[in-house]
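> I am sharing my_file.pdb, which consists of PDB, C-alpha atoms:
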```pdb
MODEL        1
ATOM      1  CA  MET S 275     -10.067  28.729  30.124  1.00  0.00           C
ATOM      2  CA  LYS S 276      -8.097  25.603  29.229  1.00  0.00           C
ATOM      3  CA  GLY S 277      -4.770  27.443  29.545  1.00  0.00           C
ATOM      4  CA  ASN S 278      -5.870  28.780  32.921  1.00  0.00           C
ATOM      5  CA  LYS S 279      -6.582  25.239  34.133  1.00  0.00           C
ATOM      6  CA  LYS S 280      -3.143  24.106  32.921  1.00  0.00           C
ATOM      7  CA  GLU S 281      -1.506  27.027  34.711  1.00  0.00           C
ATOM      8  CA  ASN S 282      -3.353  26.140  37.922  1.00  0.00           C
ATOM      9  CA  GLN S 283      -2.246  22.532  37.538  1.00  0.00           C
ATOM     10  CA  SER S 284       1.394  23.466  37.085  1.00  0.00           C
ATOM     11  CA  SER S 285       1.262  25.843  40.073  1.00  0.00           C
ATOM     12  CA  TYR S 286      -0.183  23.004  42.190  1.00  0.00           C
ATOM     13  CA  VAL S 287       2.675  20.783  41.063  1.00  0.00           C
ATOM     14  CA  ARG S 288       5.175  23.544  41.849  1.00  0.00           C
ATOM     15  CA  VAL S 289       3.783  24.065  45.362  1.00  0.00           C
ATOM     16  CA  PHE S 290       3.599  20.331  46.015  1.00  0.00           C
ATOM     17  CA  SER S 291       7.100  19.874  44.638  1.00  0.00           C
ATOM     18  CA  LEU S 292       8.379  22.630  46.952  1.00  0.00           C
ATOM     19  CA  MET S 293       6.689  20.894  49.893  1.00  0.00           C
ATOM     20  CA  VAL S 294       8.220  17.541  49.007  1.00  0.00           C
ATOM     21  CA  ASP S 295      11.660  19.126  48.550  1.00  0.00           C
ATOM     22  CA  THR S 296      11.349  20.690  52.012  1.00  0.00           C
ATOM     23  CA  ILE S 297      10.235  17.371  53.495  1.00  0.00           C
ATOM     24  CA  TRP S 298      13.192  15.743  51.699  1.00  0.00           C
ATOM     25  CA  ILE S 299      15.614  17.992  53.610  1.00  0.00           C
ATOM     26  CA  PHE S 300      13.837  17.214  56.904  1.00  0.00           C
ATOM     27  CA  VAL S 301      13.884  13.484  56.166  1.00  0.00           C
ATOM     28  CA  ILE S 302      17.607  13.508  55.375  1.00  0.00           C
ATOM     29  CA  VAL S 303      18.301  15.473  58.569  1.00  0.00           C
ATOM     30  CA  GLY S 304      16.013  13.025  60.400  1.00  0.00           C
ATOM     31  CA  LEU S 305      17.981  10.080  59.030  1.00  0.00           C
ATOM     32  CA  VAL S 306      21.266  11.513  60.300  1.00  0.00           C
ATOM     33  CA  LEU S 307      19.700  12.452  63.649  1.00  0.00           C
ATOM     34  CA  SER S 308      18.128   9.009  64.076  1.00  0.00           C
ATOM     35  CA  LEU S 309      21.529   7.443  63.467  1.00  0.00           C
ATOM     36  CA  ILE S 310      23.257   9.716  65.995  1.00  0.00           C
ATOM     37  CA  MET S 311      20.457   9.418  68.570  1.00  0.00           C
ATOM     38  CA  GLY S 312      20.332   5.660  68.086  1.00  0.00           C
ATOM     39  CA  LEU S 313      24.038   5.403  68.851  1.00  0.00           C
ATOM     40  CA  VAL S 314      23.589   7.655  71.910  1.00  0.00           C
ATOM     41  CA  ILE S 315      20.683   5.508  73.174  1.00  0.00           C
ATOM     42  CA  ILE S 316      22.747   2.326  72.741  1.00  0.00           C
ATOM     43  CA  ALA S 317      25.806   3.855  74.419  1.00  0.00           C
ATOM     44  CA  LYS S 318      23.842   5.322  77.342  1.00  0.00           C
ATOM     45  CA  SER S 319      24.036   2.861  80.195  1.00  0.00           C
ATOM     46  CA  GLY S 320      21.623   2.750  83.128  1.00  0.00           C
ATOM     47  CA  GLY S 321      17.852   3.287  83.047  1.00  0.00           C
ATOM     48  CA  ASP S 322      15.179   0.587  83.003  1.00  0.00           C
ATOM     49  CA  LYS S 323      15.771  -0.647  79.424  1.00  0.00           C
ATOM     50  CA  SER S 324      18.043  -3.561  78.576  1.00  0.00           C
ATOM     51  CA  ILE S 325      20.758  -3.262  75.928  1.00  0.00           C
ATOM     52  CA  MET S 326      18.683  -5.379  73.498  1.00  0.00           C
ATOM     53  CA  SER S 327      15.670  -3.052  73.926  1.00  0.00           C
ATOM     54  CA  ARG S 328      17.843  -0.032  73.347  1.00  0.00           C
ATOM     55  CA  ILE S 329      19.340  -1.587  70.193  1.00  0.00           C
ATOM     56  CA  GLY S 330      15.800  -2.438  69.020  1.00  0.00           C
ATOM     57  CA  ILE S 331      14.549   1.106  69.633  1.00  0.00           C
ATOM     58  CA  SER S 332      17.544   2.621  67.830  1.00  0.00           C
ATOM     59  CA  LEU S 333      17.239   0.203  64.935  1.00  0.00           C
ATOM     60  CA  SER S 334      13.508   0.801  64.514  1.00  0.00           C
ATOM     61  CA  GLY S 335      14.051   4.569  64.547  1.00  0.00           C
ATOM     62  CA  PHE S 336      16.804   4.311  61.947  1.00  0.00           C
ATOM     63  CA  LEU S 337      14.850   1.905  59.713  1.00  0.00           C
ATOM     64  CA  ASN S 338      11.810   4.187  59.958  1.00  0.00           C
ATOM     65  CA  SER S 339      13.947   7.043  58.677  1.00  0.00           C
ATOM     66  CA  VAL S 340      15.400   4.910  55.855  1.00  0.00           C
ATOM     67  CA  VAL S 341      11.905   3.945  54.690  1.00  0.00           C
ATOM     68  CA  PHE S 342      10.794   7.596  54.802  1.00  0.00           C
ATOM     69  CA  VAL S 343      13.833   8.558  52.720  1.00  0.00           C
ATOM     70  CA  LEU S 344      12.867   5.903  50.143  1.00  0.00           C
ATOM     71  CA  ILE S 345       9.258   7.150  50.042  1.00  0.00           C
ATOM     72  CA  ILE S 346      10.198  10.802  49.577  1.00  0.00           C
ATOM     73  CA  PHE S 347      12.947   9.880  47.065  1.00  0.00           C
ATOM     74  CA  ASN S 348      10.385   8.083  44.871  1.00  0.00           C
ATOM     75  CA  LEU S 349       7.816  10.852  45.357  1.00  0.00           C
ATOM     76  CA  ARG S 350      10.321  13.437  44.127  1.00  0.00           C
ATOM     77  CA  LYS S 351      11.055  11.387  41.013  1.00  0.00           C
ATOM     78  CA  ILE S 352       7.332  11.048  40.275  1.00  0.00           C
ATOM     79  CA  LEU S 353       6.876  14.795  40.687  1.00  0.00           C
ATOM     80  CA  ARG S 354       9.776  15.458  38.345  1.00  0.00           C
ATOM     81  CA  SER S 355       8.151  13.325  35.654  1.00  0.00           C
ATOM     82  CA  ILE S 356       4.838  15.178  36.201  1.00  0.00           C
ATOM     83  CA  LYS S 357       6.715  18.460  35.761  1.00  0.00           C
ATOM     84  CA  ALA S 358       8.216  17.070  32.525  1.00  0.00           C
ATOM     85  CA  ARG S 359       4.624  16.270  31.446  1.00  0.00           C
ATOM     86  CA  SER S 360       5.229  12.540  31.144  1.00  0.00           C
ATOM     87  CA  PRO S 361       3.658  11.041  34.266  1.00  0.00           C
ATOM     88  CA  PHE S 362       2.378   7.869  32.625  1.00  0.00           C
ATOM     89  CA  GLU S 363       5.560   5.862  32.333  1.00  0.00           C
ATOM     90  CA  ALA S 364       6.354   2.331  33.481  1.00  0.00           C
ATOM     91  CA  ALA S 365       8.965   3.590  35.961  1.00  0.00           C
ATOM     92  CA  ASN S 366       6.331   5.676  37.765  1.00  0.00           C
ATOM     93  CA  VAL S 367       4.098   2.650  38.255  1.00  0.00           C
ATOM     94  CA  GLN S 368       7.058   0.864  39.851  1.00  0.00           C
ATOM     95  CA  ARG S 369       7.815   3.917  42.021  1.00  0.00           C
ATOM     96  CA  ILE S 370       4.228   4.105  43.286  1.00  0.00           C
ATOM     97  CA  LYS S 371       4.304   0.375  44.048  1.00  0.00           C
ATOM     98  CA  LYS S 372       7.573   0.879  45.934  1.00  0.00           C
ATOM     99  CA  ILE S 373       5.923   3.583  48.065  1.00  0.00           C
ATOM    100  CA  ALA S 374       3.045   1.203  48.857  1.00  0.00           C
ATOM    101  CA  TYR S 375       5.433  -1.617  49.805  1.00  0.00           C
ATOM    102  CA  ALA S 376       7.385   0.856  51.956  1.00  0.00           C
ATOM    103  CA  CYS S 377       4.164   1.536  53.879  1.00  0.00           C
ATOM    104  CA  PHE S 378       3.773  -2.215  54.460  1.00  0.00           C
ATOM    105  CA  VAL S 379       7.407  -2.484  55.589  1.00  0.00           C
ATOM    106  CA  LEU S 380       6.813   0.379  58.029  1.00  0.00           C
ATOM    107  CA  ILE S 381       4.117  -1.622  59.867  1.00  0.00           C
ATOM    108  CA  PRO S 382       6.361  -4.164  61.685  1.00  0.00           C
ATOM    109  CA  ILE S 383       9.148  -1.590  62.192  1.00  0.00           C
ATOM    110  CA  ASP S 384       6.711   0.915  63.694  1.00  0.00           C
ATOM    111  CA  ILE S 385       4.977  -1.641  65.908  1.00  0.00           C
ATOM    112  CA  LEU S 386       8.262  -3.141  67.135  1.00  0.00           C
ATOM    113  CA  GLY S 387       9.672   0.275  67.968  1.00  0.00           C
ATOM    114  CA  LYS S 388       6.564   1.365  69.849  1.00  0.00           C
ATOM    115  CA  ILE S 389       6.357  -1.909  71.795  1.00  0.00           C
ATOM    116  CA  LEU S 390      10.006  -1.607  72.799  1.00  0.00           C
ATOM    117  CA  ILE S 391       9.644   2.040  73.846  1.00  0.00           C
ATOM    118  CA  GLN S 392       6.477   1.370  75.867  1.00  0.00           C
ATOM    119  CA  GLY S 393       7.647  -1.934  77.369  1.00  0.00           C
ATOM    120  CA  PHE S 394       5.658  -5.176  77.270  1.00  0.00           C
ATOM    121  CA  ASP S 395       4.089  -5.059  80.742  1.00  0.00           C
ATOM    122  CA  THR S 396       2.983  -1.432  80.791  1.00  0.00           C
ATOM    123  CA  GLY S 397       1.861  -1.686  77.174  1.00  0.00           C
ATOM    124  CA  PHE S 398      -0.516  -4.566  77.890  1.00  0.00           C
ATOM    125  CA  SER S 399      -1.840  -3.219  81.188  1.00  0.00           C
ATOM    126  CA  SER S 400      -2.546   0.282  79.873  1.00  0.00           C
ATOM    127  CA  GLY S 401      -4.303  -0.933  76.712  1.00  0.00           C
ATOM    128  CA  TYR S 402      -1.709   0.855  74.609  1.00  0.00           C
ATOM    129  CA  PHE S 403      -1.263  -2.133  72.304  1.00  0.00           C
ATOM    130  CA  ILE S 404      -4.929  -2.105  71.248  1.00  0.00           C
ATOM    131  CA  ASP S 405      -4.489   1.493  70.173  1.00  0.00           C
ATOM    132  CA  LEU S 406      -1.245   0.485  68.472  1.00  0.00           C
ATOM    133  CA  ILE S 407      -3.038  -2.089  66.295  1.00  0.00           C
ATOM    134  CA  TRP S 408      -5.417   0.597  64.983  1.00  0.00           C
ATOM    135  CA  ASP S 409      -2.836   3.312  64.789  1.00  0.00           C
ATOM    136  CA  GLY S 410       0.179   1.418  63.516  1.00  0.00           C
ATOM    137  CA  LEU S 411      -1.210  -1.563  61.660  1.00  0.00           C
ATOM    138  CA  PHE S 412      -4.510  -0.549  60.056  1.00  0.00           C
ATOM    139  CA  LYS S 413      -3.663   3.050  59.206  1.00  0.00           C
ATOM    140  CA  LEU S 414      -0.511   2.094  57.290  1.00  0.00           C
ATOM    141  CA  LEU S 415      -2.204  -0.958  55.786  1.00  0.00           C
ATOM    142  CA  LEU S 416      -5.036   1.200  54.434  1.00  0.00           C
ATOM    143  CA  ILE S 417      -2.621   3.839  53.126  1.00  0.00           C
ATOM    144  CA  GLY S 418      -0.495   1.123  51.454  1.00  0.00           C
ATOM    145  CA  LEU S 419      -3.541  -0.498  49.841  1.00  0.00           C
ATOM    146  CA  GLY S 420      -4.801   2.908  48.683  1.00  0.00           C
ATOM    147  CA  ILE S 421      -1.453   3.618  47.055  1.00  0.00           C
ATOM    148  CA  LEU S 422      -1.514   0.207  45.340  1.00  0.00           C
ATOM    149  CA  VAL S 423      -4.904   1.143  43.862  1.00  0.00           C
ATOM    150  CA  ILE S 424      -3.350   4.394  42.588  1.00  0.00           C
ATOM    151  CA  ALA S 425      -0.560   2.291  41.022  1.00  0.00           C
ATOM    152  CA  LYS S 426      -3.238   0.277  39.191  1.00  0.00           C
ATOM    153  CA  VAL S 427      -4.825   3.514  37.961  1.00  0.00           C
ATOM    154  CA  PHE S 428      -1.412   4.646  36.719  1.00  0.00           C
ATOM    155  CA  GLU S 429      -0.977   1.301  34.952  1.00  0.00           C
ATOM    156  CA  SER S 430      -4.257   1.903  33.106  1.00  0.00           C
ATOM    157  CA  GLY S 431      -3.104   5.436  32.316  1.00  0.00           C
ATOM    158  CA  LEU S 432       0.121   4.021  30.907  1.00  0.00           C
ATOM    159  CA  GLU S 433      -1.861   1.696  28.652  1.00  0.00           C
ATOM    160  CA  LEU S 434      -4.015   4.613  27.459  1.00  0.00           C
ATOM    161  CA  GLN S 435      -0.901   6.690  26.822  1.00  0.00           C
ATOM    162  CA  LYS S 436       0.562   3.868  24.692  1.00  0.00           C
ATOM    163  CA  GLU S 437      -2.735   3.633  22.805  1.00  0.00           C
ATOM    164  CA  LYS S 438      -2.671   7.400  22.216  1.00  0.00           C
ATOM    165  CA  ASN S 439       0.951   7.333  21.054  1.00  0.00           C
ATOM    166  CA  LEU S 440       0.200   4.567  18.569  1.00  0.00           C
ATOM    167  CA  THR S 441      -2.894   6.268  17.176  1.00  0.00           C
ATOM    168  CA  ILE S 442      -1.831   8.003  13.995  1.00  0.00           C
TER
ATOM    169  CA  MET N1278      -3.226  -8.452  13.235  1.00  0.00           C
ATOM    170  CA  SER N1279      -5.258  -9.214  10.145  1.00  0.00           C
ATOM    171  CA  ILE N1280      -5.347  -5.635   8.898  1.00  0.00           C
ATOM    172  CA  GLN N1281      -2.518  -4.993   6.432  1.00  0.00           C
ATOM    173  CA  ILE N1282      -1.161  -1.547   5.635  1.00  0.00           C
ATOM    174  CA  ASN N1283      -0.243  -1.057   1.981  1.00  0.00           C
ATOM    175  CA  LEU N1284       1.104   2.448   2.319  1.00  0.00           C
ATOM    176  CA  ASP N1285       4.528   1.562   0.881  1.00  0.00           C
ATOM    177  CA  LEU N1286       2.853   0.072  -2.203  1.00  0.00           C
ATOM    178  CA  MET N1287       0.811   3.227  -2.761  1.00  0.00           C
ATOM    179  CA  LEU N1288       3.896   5.387  -2.261  1.00  0.00           C
ATOM    180  CA  VAL N1289       5.706   3.412  -4.976  1.00  0.00           C
ATOM    181  CA  LYS N1290       2.687   3.701  -7.283  1.00  0.00           C
ATOM    182  CA  ARG N1291       2.533   7.466  -6.785  1.00  0.00           C
ATOM    183  CA  LYS N1292       6.349   7.764  -6.915  1.00  0.00           C
ATOM    184  CA  MET N1293       6.331   9.597  -3.622  1.00  0.00           C
ATOM    185  CA  THR N1294       8.649   9.335  -0.628  1.00  0.00           C
ATOM    186  CA  LEU N1295       7.527   9.087   2.975  1.00  0.00           C
ATOM    187  CA  THR N1296       9.042  12.496   3.685  1.00  0.00           C
ATOM    188  CA  GLU N1297       7.053  14.079   0.855  1.00  0.00           C
ATOM    189  CA  LEU N1298       3.873  12.457   2.148  1.00  0.00           C
ATOM    190  CA  SER N1299       4.603  13.620   5.678  1.00  0.00           C
ATOM    191  CA  GLU N1300       4.932  17.209   4.425  1.00  0.00           C
ATOM    192  CA  LYS N1301       1.635  16.942   2.535  1.00  0.00           C
ATOM    193  CA  VAL N1302      -0.403  15.390   5.352  1.00  0.00           C
ATOM    194  CA  ARG N1303       1.442  17.284   8.143  1.00  0.00           C
ATOM    195  CA  ILE N1304       2.236  14.129  10.100  1.00  0.00           C
ATOM    196  CA  THR N1305       5.755  13.364  11.271  1.00  0.00           C
ATOM    197  CA  VAL N1306       7.848  10.841   9.344  1.00  0.00           C
ATOM    198  CA  GLN N1307       8.203   8.827  12.561  1.00  0.00           C
ATOM    199  CA  ASN N1308       4.426   8.471  12.900  1.00  0.00           C
ATOM    200  CA  LEU N1309       3.993   7.616   9.233  1.00  0.00           C
ATOM    201  CA  SER N1310       6.748   5.056   9.605  1.00  0.00           C
ATOM    202  CA  ILE N1311       4.890   3.474  12.555  1.00  0.00           C
ATOM    203  CA  LEU N1312       1.806   3.309  10.330  1.00  0.00           C
ATOM    204  CA  LYS N1313       3.723   1.923   7.343  1.00  0.00           C
ATOM    205  CA  GLN N1314       5.330  -0.821   9.391  1.00  0.00           C
ATOM    206  CA  GLY N1315       1.964  -1.855  10.811  1.00  0.00           C
ATOM    207  CA  HIS N1316       2.829  -0.978  14.414  1.00  0.00           C
ATOM    208  CA  ALA N1317      -0.012   1.526  14.802  1.00  0.00           C
ATOM    209  CA  ARG N1318      -2.921   0.505  17.012  1.00  0.00           C
ATOM    210  CA  ALA N1319      -5.441   2.879  15.443  1.00  0.00           C
ATOM    211  CA  ILE N1320      -5.800   5.438  12.669  1.00  0.00           C
ATOM    212  CA  ARG N1321      -7.853   8.636  12.856  1.00  0.00           C
ATOM    213  CA  PHE N1322     -10.387   9.377  10.108  1.00  0.00           C
ATOM    214  CA  SER N1323      -8.711  12.762   9.669  1.00  0.00           C
ATOM    215  CA  THR N1324      -5.346  11.034   9.023  1.00  0.00           C
ATOM    216  CA  LEU N1325      -6.911   8.589   6.587  1.00  0.00           C
ATOM    217  CA  ASP N1326      -8.660  11.477   4.861  1.00  0.00           C
ATOM    218  CA  ALA N1327      -5.401  13.417   4.512  1.00  0.00           C
ATOM    219  CA  ILE N1328      -3.451  10.392   3.234  1.00  0.00           C
ATOM    220  CA  CYS N1329      -6.158   9.507   0.704  1.00  0.00           C
ATOM    221  CA  LYS N1330      -6.235  13.121  -0.482  1.00  0.00           C
ATOM    222  CA  ALA N1331      -2.442  13.264  -0.805  1.00  0.00           C
ATOM    223  CA  LEU N1332      -2.139   9.926  -2.579  1.00  0.00           C
ATOM    224  CA  ASP N1333      -5.382  10.322  -4.546  1.00  0.00           C
ATOM    225  CA  CYS N1334      -6.655   6.924  -3.543  1.00  0.00           C
ATOM    226  CA  GLN N1335      -9.366   5.127  -1.566  1.00  0.00           C
ATOM    227  CA  PRO N1336      -8.994   3.881   2.057  1.00  0.00           C
ATOM    228  CA  GLY N1337      -9.167   0.341   0.662  1.00  0.00           C
ATOM    229  CA  ASP N1338      -6.002   0.989  -1.330  1.00  0.00           C
ATOM    230  CA  ILE N1339      -4.106   1.613   1.925  1.00  0.00           C
ATOM    231  CA  LEU N1340      -5.849  -0.871   4.215  1.00  0.00           C
ATOM    232  CA  SER N1341      -6.695  -4.463   3.466  1.00  0.00           C
ATOM    233  CA  TYR N1342      -7.945  -7.428   5.465  1.00  0.00           C
ATOM    234  CA  GLN N1343      -6.161 -10.769   5.322  1.00  0.00           C
ATOM    235  CA  GLN N1344      -7.263 -13.752   7.369  1.00  0.00           C
ATOM    236  CA  ASN N1345      -4.558 -14.659   9.857  1.00  0.00           C
ATOM    237  CA  PRO N1346      -4.318 -18.478  10.248  1.00  0.00           C
ATOM    238  CA  GLU N1347      -3.332 -18.048  13.920  1.00  0.00           C
ATOM    239  CA  ASP N1348      -6.552 -16.099  14.771  1.00  0.00           C
TER
ENDMDL
END
```
Please express the file's structure as structure tokens.

Amino acid sequence: MKGNKKENQSSYVRVFSLMVDTIWIFVIVGLVLSLIMGLVIIAKSGGDKSIMSRIGISLSGFLNSVVFVLIIFNLRKILRSIKARSPFEAANVQRIKKIAYACFVLIPIDILGKILIQGFDTGFSSGYFIDLIWDGLFKLLLIGLGILVIAKVFESGLELQKEKNLTI
Amino acid sequence: MSIQINLDLMLVKRKMTLTELSEKVRITVQNLSILKQGHARAIRFSTLDAICKALDCQPGDILSYQQNPED
């Protein structure tokens, strides 16, 4: 029964690890694409957007991708340590905290990008910015805070692991 | 901590090495070394039982309490 549970656990980790590895490839491709597309947007003259708006849009897209790369990079390392059956280590607590901070960093980048894409006037008149506050600000804020709580749980787990290791 | 571990003293009295003790109580030398140096946070009754059996002594011969002036 116990062995069965362990097997299930490891198969979950394997599936999740496969998912994260796949996302990792997409995120890396996304990073390269965001860089190329950003340069194309900046270079493309004409249209209703100013050069500063276009630079802002490109930059926000690229920074978004960089933050996603950092999140998935840390997630992969955490998964590796879970696979190695040593999840409660100080480095993992730091990695989880980094993921939470990345979510907080995403908030201004995301909002700035969306405002620039939508445009100030149309954004205000259509009520898009109210939706943006809920969608961009609060969702990421809640996710970030949730992840920080998980980091605290991991910190407690780390303490328990130390206690267990030093119990003879 | 005010709890002192006198394992090394008992080992000398019984003319036994840490490796020999580790074989008898089936605990790694590393873990016994942690215990001997006083770095352990806790000790299981089963471990204490095995050590006392191997060294033919009482728990009080291995553990002692000494008032720490800083406490």
> Pull out every residue that the PyMOL selection byres ((chain N) within 7 of (chain S)) matches in the shown coordinates and put them as a list in words.
Asn1308, Leu1312, Ala1317, Arg1318, Ala1319, Ile1320, Arg1321 and Thr1324 of chain N
> Could you state the separation of atom CA of Leu307 of chain S and atom CA of Phe403 of chain S in Å, given to one decimal place?
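These atoms are spaced 27.0 Å apart.
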> Measure the distance from atom CA of Val367 of chain S to atom CA of Leu434 of chain S in Å and round it to one decimal.
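So the answer is 13.6 Å.
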> Starting from 8 Å padding per side, set up an axis-aligned box that covers all listed atoms of segment 429-438 of chain S and hand over centre and edge lengths in Å, one decimal, as JSON.

```
{"center_x": -1.8, "center_y": 4.4, "center_z": 28.6, "size_x": 20.8, "size_y": 22.1, "size_z": 28.7}
```
> Give as a PyMOL selection string the residues that the PyMOL selection byres ((chain N and resi 1297-1301) around 12) matches when applied to the coordinates above.
(chain S and resi 442) or (chain N and resi 1284-1285+1287-1289+1291-1296+1302-1310+1312-1313+1324+1326-1333)
> Kindly give the distance, in Å, that separates atom CA of Ile370 of chain S and atom CA of Met293 of chain S, rounded to a single decimal.
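Atom CA of Ile370 of chain S sits 18.2 Å away from atom CA of Met293 of chain S.
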> Run through the PyMOL selection byres ((chain S and resi 389) around 12) on the given coordinates and return the selected residues as an mmCIF file with C-alpha atoms, in the frame of the given file.

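Saved result, selection_38.cif, follows:
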```cif
data_model
loop_
_atom_site.group_PDB
_atom_site.id
_atom_site.type_symbol
_atom_site.label_atom_id
_atom_site.label_comp_id
_atom_site.auth_asym_id
_atom_site.auth_seq_id
_atom_site.Cartn_x
_atom_site.Cartn_y
_atom_site.Cartn_z
ATOM 1 C CA SER S 327 15.670 -3.052 73.926
ATOM 2 C CA ARG S 328 17.843 -0.032 73.347
ATOM 3 C CA GLY S 330 15.800 -2.438 69.020
ATOM 4 C CA ILE S 331 14.549 1.106 69.633
ATOM 5 C CA SER S 334 13.508 0.801 64.514
ATOM 6 C CA PRO S 382 6.361 -4.164 61.685
ATOM 7 C CA ILE S 383 9.148 -1.590 62.192
ATOM 8 C CA ASP S 384 6.711 0.915 63.694
ATOM 9 C CA ILE S 385 4.977 -1.641 65.908
ATOM 10 C CA LEU S 386 8.262 -3.141 67.135
ATOM 11 C CA GLY S 387 9.672 0.275 67.968
ATOM 12 C CA LYS S 388 6.564 1.365 69.849
ATOM 13 C CA LEU S 390 10.006 -1.607 72.799
ATOM 14 C CA ILE S 391 9.644 2.040 73.846
ATOM 15 C CA GLN S 392 6.477 1.370 75.867
ATOM 16 C CA GLY S 393 7.647 -1.934 77.369
ATOM 17 C CA PHE S 394 5.658 -5.176 77.270
ATOM 18 C CA ASP S 395 4.089 -5.059 80.742
ATOM 19 C CA THR S 396 2.983 -1.432 80.791
ATOM 20 C CA GLY S 397 1.861 -1.686 77.174
ATOM 21 C CA PHE S 398 -0.516 -4.566 77.890
ATOM 22 C CA GLY S 401 -4.303 -0.933 76.712
ATOM 23 C CA TYR S 402 -1.709 0.855 74.609
ATOM 24 C CA PHE S 403 -1.263 -2.133 72.304
ATOM 25 C CA ILE S 404 -4.929 -2.105 71.248
ATOM 26 C CA ASP S 405 -4.489 1.493 70.173
ATOM 27 C CA LEU S 406 -1.245 0.485 68.472
ATOM 28 C CA ILE S 407 -3.038 -2.089 66.295
ATOM 29 C CA GLY S 410 0.179 1.418 63.516
#
```
> Looking at S:Ile381, S:Ala425, S:Val289, S:Leu419, which one is nearest to Glu363 of chain S, with distances taken over all atoms listed in the file?
S:Ala425
> Excluding Phe428 of chain S and any residue of its chain fewer than 5 positions from it, enumerate the residues within 12 Å of it, using all atoms listed in the file, and give them as a ChimeraX atom specification.
/S:352,360-371,421-423,433-435
> Do you know which residues are at most 12 Å from Leu292 of chain S counting all atoms listed in the file, after dropping those on the same chain fewer than 5 positions away, and could you put them as a VMD selection string?
chain S and resid 285 to 287 297 to 299 349 to 350 353 to 354
> Out of S:Lys426, S:Lys372, S:Lys318, S:Ile356, which residue has the shortest atom-to-atom distance to Arg288 of chain S when counting all atoms listed in the file?
S:Ile356
> Report as an mmCIF file with C-alpha atoms, in the frame of the given file all protein, DNA and RNA residues lying within 9 Å of Leu1340 of chain N, evaluated on all atoms listed in the file, omitting residues in the same chain fewer than 4 positions from it.

```cif
data_model
loop_
_atom_site.group_PDB
_atom_site.id
_atom_site.type_symbol
_atom_site.label_atom_id
_atom_site.label_comp_id
_atom_site.auth_asym_id
_atom_site.auth_seq_id
_atom_site.Cartn_x
_atom_site.Cartn_y
_atom_site.Cartn_z
ATOM 1 C CA ILE N 1280 -5.347 -5.635 8.898
ATOM 2 C CA GLN N 1281 -2.518 -4.993 6.432
ATOM 3 C CA ILE N 1282 -1.161 -1.547 5.635
ATOM 4 C CA ASN N 1283 -0.243 -1.057 1.981
ATOM 5 C CA LEU N 1284 1.104 2.448 2.319
ATOM 6 C CA PRO N 1336 -8.994 3.881 2.057
#
```
> Calculated over all atoms listed in the file, which of the candidates S:Ile310, S:Asp295, S:Tyr375, S:Lys323 has the smallest distance to Leu414 of chain S?
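Among the listed residues, S:Tyr375 lies closest to Leu414 of chain S.
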